[in-house]
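With PDB, C-alpha atoms, pLDDT in the B column inside, this is run.pdb:
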```
ATOM      1  CA  MET U   1       9.619  34.429  67.794  1.00 48.00           C
ATOM      2  CA  SER U   2       7.888  33.835  64.550  1.00 52.00           C
ATOM      3  CA  THR U   3       4.237  34.141  63.878  1.00 54.00           C
ATOM      4  CA  PRO U   4       2.508  30.788  63.708  1.00 56.00           C
ATOM      5  CA  GLU U   5       1.071  29.916  60.269  1.00 56.00           C
ATOM      6  CA  PRO U   6      -2.646  29.408  60.112  1.00 55.00           C
ATOM      7  CA  ASP U   7      -3.792  25.822  60.070  1.00 55.00           C
ATOM      8  CA  PRO U   8      -5.304  24.922  56.639  1.00 51.00           C
ATOM      9  CA  LYS U   9      -8.076  23.058  58.396  1.00 52.00           C
ATOM     10  CA  GLN U  10      -9.050  26.258  60.137  1.00 54.00           C
ATOM     11  CA  THR U  11      -8.998  28.423  56.996  1.00 51.00           C
ATOM     12  CA  PRO U  12     -12.381  29.986  56.375  1.00 52.00           C
ATOM     13  CA  PRO U  13     -14.325  28.259  53.571  1.00 50.00           C
ATOM     14  CA  SER U  14     -14.612  31.444  51.490  1.00 49.00           C
ATOM     15  CA  GLN U  15     -10.836  31.464  50.934  1.00 49.00           C
ATOM     16  CA  SER U  16     -10.213  27.792  50.065  1.00 47.00           C
ATOM     17  CA  GLN U  17     -13.250  26.538  48.167  1.00 50.00           C
ATOM     18  CA  SER U  18     -12.951  27.961  44.641  1.00 53.00           C
ATOM     19  CA  PRO U  19     -10.218  29.744  42.735  1.00 58.00           C
ATOM     20  CA  PRO U  20     -10.996  33.052  41.143  1.00 72.00           C
ATOM     21  CA  LYS U  21     -12.904  32.991  37.846  1.00 81.00           C
ATOM     22  CA  HIS U  22      -9.988  34.193  35.779  1.00 82.00           C
ATOM     23  CA  GLN U  23      -7.864  31.277  37.008  1.00 88.00           C
ATOM     24  CA  ALA U  24     -10.567  28.773  35.993  1.00 85.00           C
ATOM     25  CA  SER U  25     -10.717  30.459  32.617  1.00 88.00           C
ATOM     26  CA  ARG U  26      -6.940  30.161  32.246  1.00 91.00           C
ATOM     27  CA  THR U  27      -7.038  26.497  33.226  1.00 91.00           C
ATOM     28  CA  ARG U  28      -9.794  25.805  30.705  1.00 89.00           C
ATOM     29  CA  GLU U  29      -7.907  27.720  28.013  1.00 90.00           C
ATOM     30  CA  ALA U  30      -4.718  25.759  28.705  1.00 92.00           C
ATOM     31  CA  ALA U  31      -6.644  22.482  28.484  1.00 92.00           C
ATOM     32  CA  LEU U  32      -8.201  23.569  25.187  1.00 91.00           C
ATOM     33  CA  GLU U  33      -4.781  24.579  23.818  1.00 92.00           C
ATOM     34  CA  LYS U  34      -3.381  21.183  24.806  1.00 93.00           C
ATOM     35  CA  GLU U  35      -6.335  19.426  23.168  1.00 92.00           C
ATOM     36  CA  LEU U  36      -5.891  21.492  20.003  1.00 92.00           C
ATOM     37  CA  SER U  37      -2.196  20.620  19.915  1.00 93.00           C
ATOM     38  CA  GLN U  38      -2.983  16.926  20.282  1.00 94.00           C
ATOM     39  CA  LEU U  39      -5.642  17.103  17.546  1.00 92.00           C
ATOM     40  CA  LEU U  40      -3.175  18.804  15.211  1.00 92.00           C
ATOM     41  CA  THR U  41      -0.624  16.068  15.885  1.00 94.00           C
ATOM     42  CA  ILE U  42      -3.246  13.396  15.130  1.00 93.00           C
ATOM     43  CA  ASN U  43      -4.252  15.303  12.007  1.00 93.00           C
ATOM     44  CA  ASN U  44      -0.637  15.407  10.784  1.00 93.00           C
ATOM     45  CA  THR U  45      -0.200  11.705  11.486  1.00 94.00           C
ATOM     46  CA  LEU U  46      -3.375  10.822   9.599  1.00 92.00           C
ATOM     47  CA  THR U  47      -2.322  13.011   6.668  1.00 93.00           C
ATOM     48  CA  THR U  48       0.999  11.191   6.490  1.00 93.00           C
ATOM     49  CA  LEU U  49      -0.756   7.819   6.773  1.00 92.00           C
ATOM     50  CA  HIS U  50      -3.175   8.746   3.998  1.00 93.00           C
ATOM     51  CA  SER U  51      -0.298   9.765   1.715  1.00 93.00           C
ATOM     52  CA  THR U  52       1.562   6.551   2.471  1.00 93.00           C
ATOM     53  CA  LEU U  53      -1.499   4.401   1.780  1.00 91.00           C
ATOM     54  CA  ALA U  54      -2.108   6.200  -1.523  1.00 91.00           C
ATOM     55  CA  LYS U  55       1.507   5.547  -2.557  1.00 93.00           C
ATOM     56  CA  ILE U  56       1.190   1.876  -1.612  1.00 91.00           C
ATOM     57  CA  SER U  57      -1.979   1.629  -3.697  1.00 90.00           C
ATOM     58  CA  ARG U  58      -0.169   3.105  -6.703  1.00 91.00           C
ATOM     59  CA  ASP U  59       2.763   0.737  -6.169  1.00 91.00           C
ATOM     60  CA  ILE U  60       0.494  -2.332  -6.007  1.00 91.00           C
ATOM     61  CA  SER U  61      -1.289  -1.231  -9.176  1.00 89.00           C
ATOM     62  CA  HIS U  62       2.066  -0.762 -10.901  1.00 90.00           C
ATOM     63  CA  PHE U  63       3.176  -4.204  -9.707  1.00 90.00           C
ATOM     64  CA  ASN U  64      -0.007  -5.805 -11.092  1.00 88.00           C
ATOM     65  CA  ASP U  65       0.534  -4.107 -14.453  1.00 89.00           C
ATOM     66  CA  SER U  66       4.131  -5.304 -14.505  1.00 89.00           C
ATOM     67  CA  THR U  67       3.026  -8.845 -13.681  1.00 89.00           C
ATOM     68  CA  ARG U  68       0.537  -8.869 -16.575  1.00 88.00           C
ATOM     69  CA  ASN U  69       3.162  -7.522 -18.957  1.00 89.00           C
ATOM     70  CA  THR U  70       5.641 -10.145 -17.743  1.00 89.00           C
ATOM     71  CA  SER U  71       3.115 -12.888 -18.472  1.00 87.00           C
ATOM     72  CA  LYS U  72       2.694 -11.623 -22.039  1.00 87.00           C
ATOM     73  CA  MET U  73       6.443 -11.393 -22.511  1.00 89.00           C
ATOM     74  CA  MET U  74       6.946 -14.932 -21.155  1.00 87.00           C
ATOM     75  CA  SER U  75       4.443 -16.259 -23.665  1.00 87.00           C
ATOM     76  CA  GLN U  76       6.145 -14.463 -26.543  1.00 88.00           C
ATOM     77  CA  TRP U  77       9.577 -15.535 -25.323  1.00 88.00           C
ATOM     78  CA  SER U  78       8.440 -19.152 -25.206  1.00 87.00           C
ATOM     79  CA  SER U  79       7.273 -18.922 -28.832  1.00 86.00           C
ATOM     80  CA  ILE U  80      10.576 -17.381 -29.862  1.00 88.00           C
ATOM     81  CA  LEU U  81      12.533 -20.122 -28.063  1.00 85.00           C
ATOM     82  CA  GLN U  82      10.490 -22.828 -29.729  1.00 86.00           C
ATOM     83  CA  GLY U  83      11.149 -21.314 -33.161  1.00 85.00           C
ATOM     84  CA  ALA U  84      14.845 -20.828 -32.437  1.00 84.00           C
ATOM     85  CA  SER U  85      15.190 -24.377 -31.115  1.00 84.00           C
ATOM     86  CA  PHE U  86      13.574 -25.784 -34.243  1.00 82.00           C
ATOM     87  CA  THR U  87      15.776 -23.663 -36.504  1.00 81.00           C
ATOM     88  CA  LEU U  88      18.926 -24.654 -34.618  1.00 80.00           C
ATOM     89  CA  ASP U  89      18.010 -28.332 -34.817  1.00 81.00           C
ATOM     90  CA  MET U  90      17.493 -28.032 -38.557  1.00 78.00           C
ATOM     91  CA  LEU U  91      20.768 -26.175 -39.089  1.00 78.00           C
ATOM     92  CA  ASP U  92      22.720 -28.713 -37.025  1.00 80.00           C
ATOM     93  CA  ASN U  93      21.218 -31.652 -38.900  1.00 80.00           C
ATOM     94  CA  ARG U  94      23.511 -32.221 -41.915  1.00 78.00           C
ATOM     95  CA  ASN U  95      21.093 -34.749 -43.349  1.00 78.00           C
ATOM     96  CA  TRP U  96      18.192 -32.300 -43.415  1.00 72.00           C
ATOM     97  CA  ASP U  97      16.954 -31.521 -46.879  1.00 71.00           C
ATOM     98  CA  PRO U  98      14.294 -28.815 -46.972  1.00 69.00           C
ATOM     99  CA  GLN U  99      12.957 -30.284 -50.232  1.00 72.00           C
ATOM    100  CA  ASN U 100      12.317 -33.607 -48.551  1.00 68.00           C
ATOM    101  CA  GLU U 101      11.048 -32.341 -45.207  1.00 61.00           C
ATOM    102  CA  ASN U 102       8.095 -34.691 -45.258  1.00 57.00           C
ATOM    103  CA  ASP U 103      10.457 -37.650 -45.559  1.00 51.00           C
ATOM    104  CA  ASP U 104      12.326 -36.902 -42.269  1.00 50.00           C
ATOM    105  CA  ASP U 105      12.914 -39.662 -39.780  1.00 53.00           C
ATOM    106  CA  ASP U 106      10.238 -40.231 -37.195  1.00 56.00           C
ATOM    107  CA  ASP U 107      13.001 -40.209 -34.543  1.00 59.00           C
ATOM    108  CA  ASP U 108      13.757 -36.530 -35.194  1.00 66.00           C
ATOM    109  CA  ASP U 109      10.067 -35.711 -34.942  1.00 71.00           C
ATOM    110  CA  ASP U 110       9.747 -37.604 -31.682  1.00 77.00           C
ATOM    111  CA  GLU U 111      12.747 -35.825 -30.189  1.00 82.00           C
ATOM    112  CA  GLU U 112      11.424 -32.487 -31.359  1.00 84.00           C
ATOM    113  CA  ASP U 113       7.977 -33.240 -29.953  1.00 84.00           C
ATOM    114  CA  GLN U 114       9.525 -34.226 -26.652  1.00 86.00           C
ATOM    115  CA  LYS U 115      11.444 -30.931 -26.462  1.00 86.00           C
ATOM    116  CA  ARG U 116       8.297 -28.987 -27.294  1.00 88.00           C
ATOM    117  CA  ASP U 117       6.381 -30.880 -24.638  1.00 88.00           C
ATOM    118  CA  GLU U 118       9.066 -30.069 -22.060  1.00 88.00           C
ATOM    119  CA  VAL U 119       8.988 -26.392 -22.999  1.00 87.00           C
ATOM    120  CA  ASP U 120       5.174 -26.421 -22.910  1.00 88.00           C
ATOM    121  CA  ASP U 121       5.204 -28.044 -19.469  1.00 88.00           C
ATOM    122  CA  GLU U 122       7.694 -25.494 -18.179  1.00 87.00           C
ATOM    123  CA  LEU U 123       5.637 -22.654 -19.623  1.00 86.00           C
ATOM    124  CA  ALA U 124       2.481 -24.037 -18.027  1.00 87.00           C
ATOM    125  CA  LEU U 125       4.237 -24.221 -14.658  1.00 87.00           C
ATOM    126  CA  VAL U 126       5.463 -20.618 -14.951  1.00 86.00           C
ATOM    127  CA  GLN U 127       1.992 -19.480 -15.969  1.00 88.00           C
ATOM    128  CA  ARG U 128       0.399 -21.241 -12.964  1.00 88.00           C
ATOM    129  CA  ARG U 129       2.912 -19.580 -10.651  1.00 88.00           C
ATOM    130  CA  LEU U 130       2.222 -16.241 -12.273  1.00 86.00           C
ATOM    131  CA  GLN U 131      -1.527 -16.738 -11.839  1.00 89.00           C
ATOM    132  CA  MET U 132      -0.982 -17.531  -8.160  1.00 89.00           C
ATOM    133  CA  VAL U 133       1.059 -14.335  -7.727  1.00 86.00           C
ATOM    134  CA  GLU U 134      -1.592 -12.312  -9.569  1.00 88.00           C
ATOM    135  CA  SER U 135      -4.296 -13.866  -7.384  1.00 88.00           C
ATOM    136  CA  ASP U 136      -2.319 -12.991  -4.250  1.00 87.00           C
ATOM    137  CA  ASN U 137      -1.823  -9.465  -5.563  1.00 86.00           C
ATOM    138  CA  ALA U 138      -5.539  -9.098  -6.239  1.00 88.00           C
ATOM    139  CA  ALA U 139      -6.345 -10.293  -2.704  1.00 88.00           C
ATOM    140  CA  LEU U 140      -3.791  -7.871  -1.243  1.00 86.00           C
ATOM    141  CA  GLU U 141      -5.207  -5.046  -3.321  1.00 89.00           C
ATOM    142  CA  ARG U 142      -8.754  -5.805  -2.064  1.00 90.00           C
ATOM    143  CA  ARG U 143      -7.513  -5.869   1.541  1.00 90.00           C
ATOM    144  CA  PHE U 144      -5.575  -2.677   0.975  1.00 88.00           C
ATOM    145  CA  ASN U 145      -8.590  -0.946  -0.570  1.00 89.00           C
ATOM    146  CA  ASN U 146     -10.707  -2.012   2.425  1.00 91.00           C
ATOM    147  CA  VAL U 147      -8.126  -0.570   4.824  1.00 88.00           C
ATOM    148  CA  VAL U 148      -7.922   2.650   2.802  1.00 89.00           C
ATOM    149  CA  SER U 149     -11.712   2.900   2.826  1.00 90.00           C
ATOM    150  CA  GLU U 150     -11.829   2.410   6.598  1.00 91.00           C
ATOM    151  CA  LYS U 151      -9.083   4.986   7.105  1.00 89.00           C
ATOM    152  CA  ARG U 152     -10.883   7.490   4.881  1.00 90.00           C
ATOM    153  CA  GLU U 153     -14.101   6.992   6.845  1.00 93.00           C
ATOM    154  CA  ARG U 154     -12.217   7.459  10.101  1.00 91.00           C
ATOM    155  CA  TRP U 155     -10.462  10.481   8.630  1.00 91.00           C
ATOM    156  CA  ALA U 156     -13.836  12.016   7.700  1.00 91.00           C
ATOM    157  CA  ARG U 157     -15.183  11.382  11.221  1.00 91.00           C
ATOM    158  CA  LEU U 158     -12.083  12.964  12.772  1.00 89.00           C
ATOM    159  CA  GLU U 159     -12.353  15.958  10.446  1.00 88.00           C
ATOM    160  CA  ASP U 160     -16.022  16.368  11.425  1.00 90.00           C
ATOM    161  CA  GLY U 161     -15.052  16.186  15.120  1.00 88.00           C
ATOM    162  CA  ARG U 162     -12.216  18.620  14.528  1.00 86.00           C
ATOM    163  CA  SER U 163     -14.500  21.082  12.743  1.00 87.00           C
ATOM    164  CA  LYS U 164     -17.086  20.783  15.501  1.00 88.00           C
ATOM    165  CA  ARG U 165     -14.433  21.332  18.193  1.00 86.00           C
ATOM    166  CA  LEU U 166     -13.015  24.354  16.338  1.00 83.00           C
ATOM    167  CA  ARG U 167     -16.514  25.857  16.166  1.00 86.00           C
ATOM    168  CA  GLU U 168     -16.898  25.241  19.922  1.00 84.00           C
ATOM    169  CA  LEU U 169     -13.592  26.981  20.538  1.00 83.00           C
ATOM    170  CA  GLY U 170     -14.562  29.860  18.303  1.00 81.00           C
ATOM    171  CA  LEU U 171     -11.756  29.076  15.860  1.00 80.00           C
ATOM    172  CA  ALA U 172     -13.966  28.076  12.906  1.00 73.00           C
ATOM    173  CA  GLY U 173     -12.784  29.469   9.588  1.00 68.00           C
ATOM    174  CA  ARG U 174      -9.164  29.689  10.686  1.00 64.00           C
ATOM    175  CA  ASP U 175      -6.627  27.259   9.246  1.00 61.00           C
ATOM    176  CA  THR U 176      -5.176  25.724  12.396  1.00 56.00           C
ATOM    177  CA  ARG U 177      -3.472  22.802  10.701  1.00 58.00           C
ATOM    178  CA  ARG U 178       0.268  22.656  10.768  1.00 54.00           C
ATOM    179  CA  LYS U 179       1.966  21.613   7.569  1.00 52.00           C
ATOM    180  CA  VAL U 180       3.549  18.163   7.614  1.00 51.00           C
ATOM    181  CA  GLY U 181       7.284  18.382   8.071  1.00 50.00           C
ATOM    182  CA  ASN U 182       7.254  21.714   9.965  1.00 47.00           C
ATOM    183  CA  ARG U 183       8.258  20.877  13.488  1.00 43.00           C
TER     184      ARG U 183
END
```

Rewrite the structure of this file - the entire thing - as structure tokens.
Amino acid sequence: MSTPEPDPKQTPPSQSQSPPKHQASRTREAALEKELSQLLTINNTLTTLHSTLAKISRDISHFNDSTRNTSKMMSQWSSILQGASFTLDMLDNRNWDPQNENDDDDDDDDEEDQKRDEVDDELALVQRRLQMVESDNAALERRFNNVVSEKRERWARLEDGRSKRLRELGLAGRDTRRKVGNR
């Protein structure tokens, strides 16, 4: 026959109430290690996010610069087209006499004015569209800067909490951050 196992309900309280101190210490240490690992993961994620947001900010700035330059180029291109159109009209007109330019028909002037008006209207439309895009870009940049500011504030709070926790763990002064990309 086998020996009957003691009933856990009948186990004396001194044996079942608390684990030894070294086991509690190990449990606490394991919990702290897990917390440190999680904080390092959050830290790496925030570092990556910060880098991404900085790149987006640079890209938006570059896009705004390109938009402004495009507007200038469109204006210059419009002037060039107007000059080229006028020159082409004059070269195609066999009756045109540069000496008698003031004596040209009013019909040619009206047609030329109409073409200029059409080009001016088209240019105005393109400029309005460009202004709308620039306005949208400016609004996006303001929103982006607000998000970056919020993230930086949160980052600073997390770093303060991290530093405080490292001091509590007795790890202050040690670089416990993992480098991004090393996994």

Query raised in the report: Can you list, as a list in words, the residues that the PyMOL selection byres ((chain U and resi 156-166) around 10) selects here?
Result: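 This file gives the following for the PyMOL selection byres ((chain U and resi 156-166) around 10): Leu32, Glu35, Leu36, Leu39, Leu40, Ile42, Asn43, Leu46, Glu150, Lys151, Arg152, Glu153, Arg154, Trp155, Arg167, Glu168, Leu169, Gly170, Leu171, Ala172, Gly173, Arg174, Asp175 and Thr176 of chain U.
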
Query - Polymer residues at most 10 Å from stretch 132-138 of chain U, all atoms listed in the file, same-chain spacing of 6 or more positions, as a PyMOL selection string - result: chain U and resi 60-61+63-65+67-68+126+144

Query raised in the report: By how many Å are atom CA of U:Glu112 and atom CA of U:Ala124 apart?
Result: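 These atoms are spaced 18.1 Å apart.
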
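Residues in contact range of U:Ser57, defined as at most 10 Å between only C-alpha atoms, with sequence neighbours fewer than 2 positions away removed, read Ser51, Thr52, Leu53, Ala54, Lys55, Asp59, Ile60, Ser61, His62, Phe63, Leu140, Glu141, Phe144, Asn145 and Val148 of chain U.
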
First collect every listed atom of stretch 37-43 of chain U; then fit an axis-aligned box around them, widen it by 3 Å on each side, and give centre and edge lengths in Å to one decimal, as lines of an AutoDock Vina configuration file.
```
center_x = -3.1
center_y = 17.0
center_z = 16.1
size_x = 11.0
size_y = 13.2
size_z = 14.3
```

**Report entry** Between atom CA of U:Ala84 and atom CA of U:Asp113, distance in Å (one decimal)
**Finding:**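 A separation of 14.4 Å between them.
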
Report task. Please indicate the distance in Å from atom CA of U:Thr45 to atom CA of U:Ala139, rounded to one decimal place. Result ->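 The value is 26.9 Å.
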
Requested in this report: Between U:Ser75, U:Leu49, U:Ser66, U:Lys115, single out the one closest to U:Val147, counting only C-alpha atoms.
Outcome: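 For U:Val147, the nearest of the given residues is U:Leu49.
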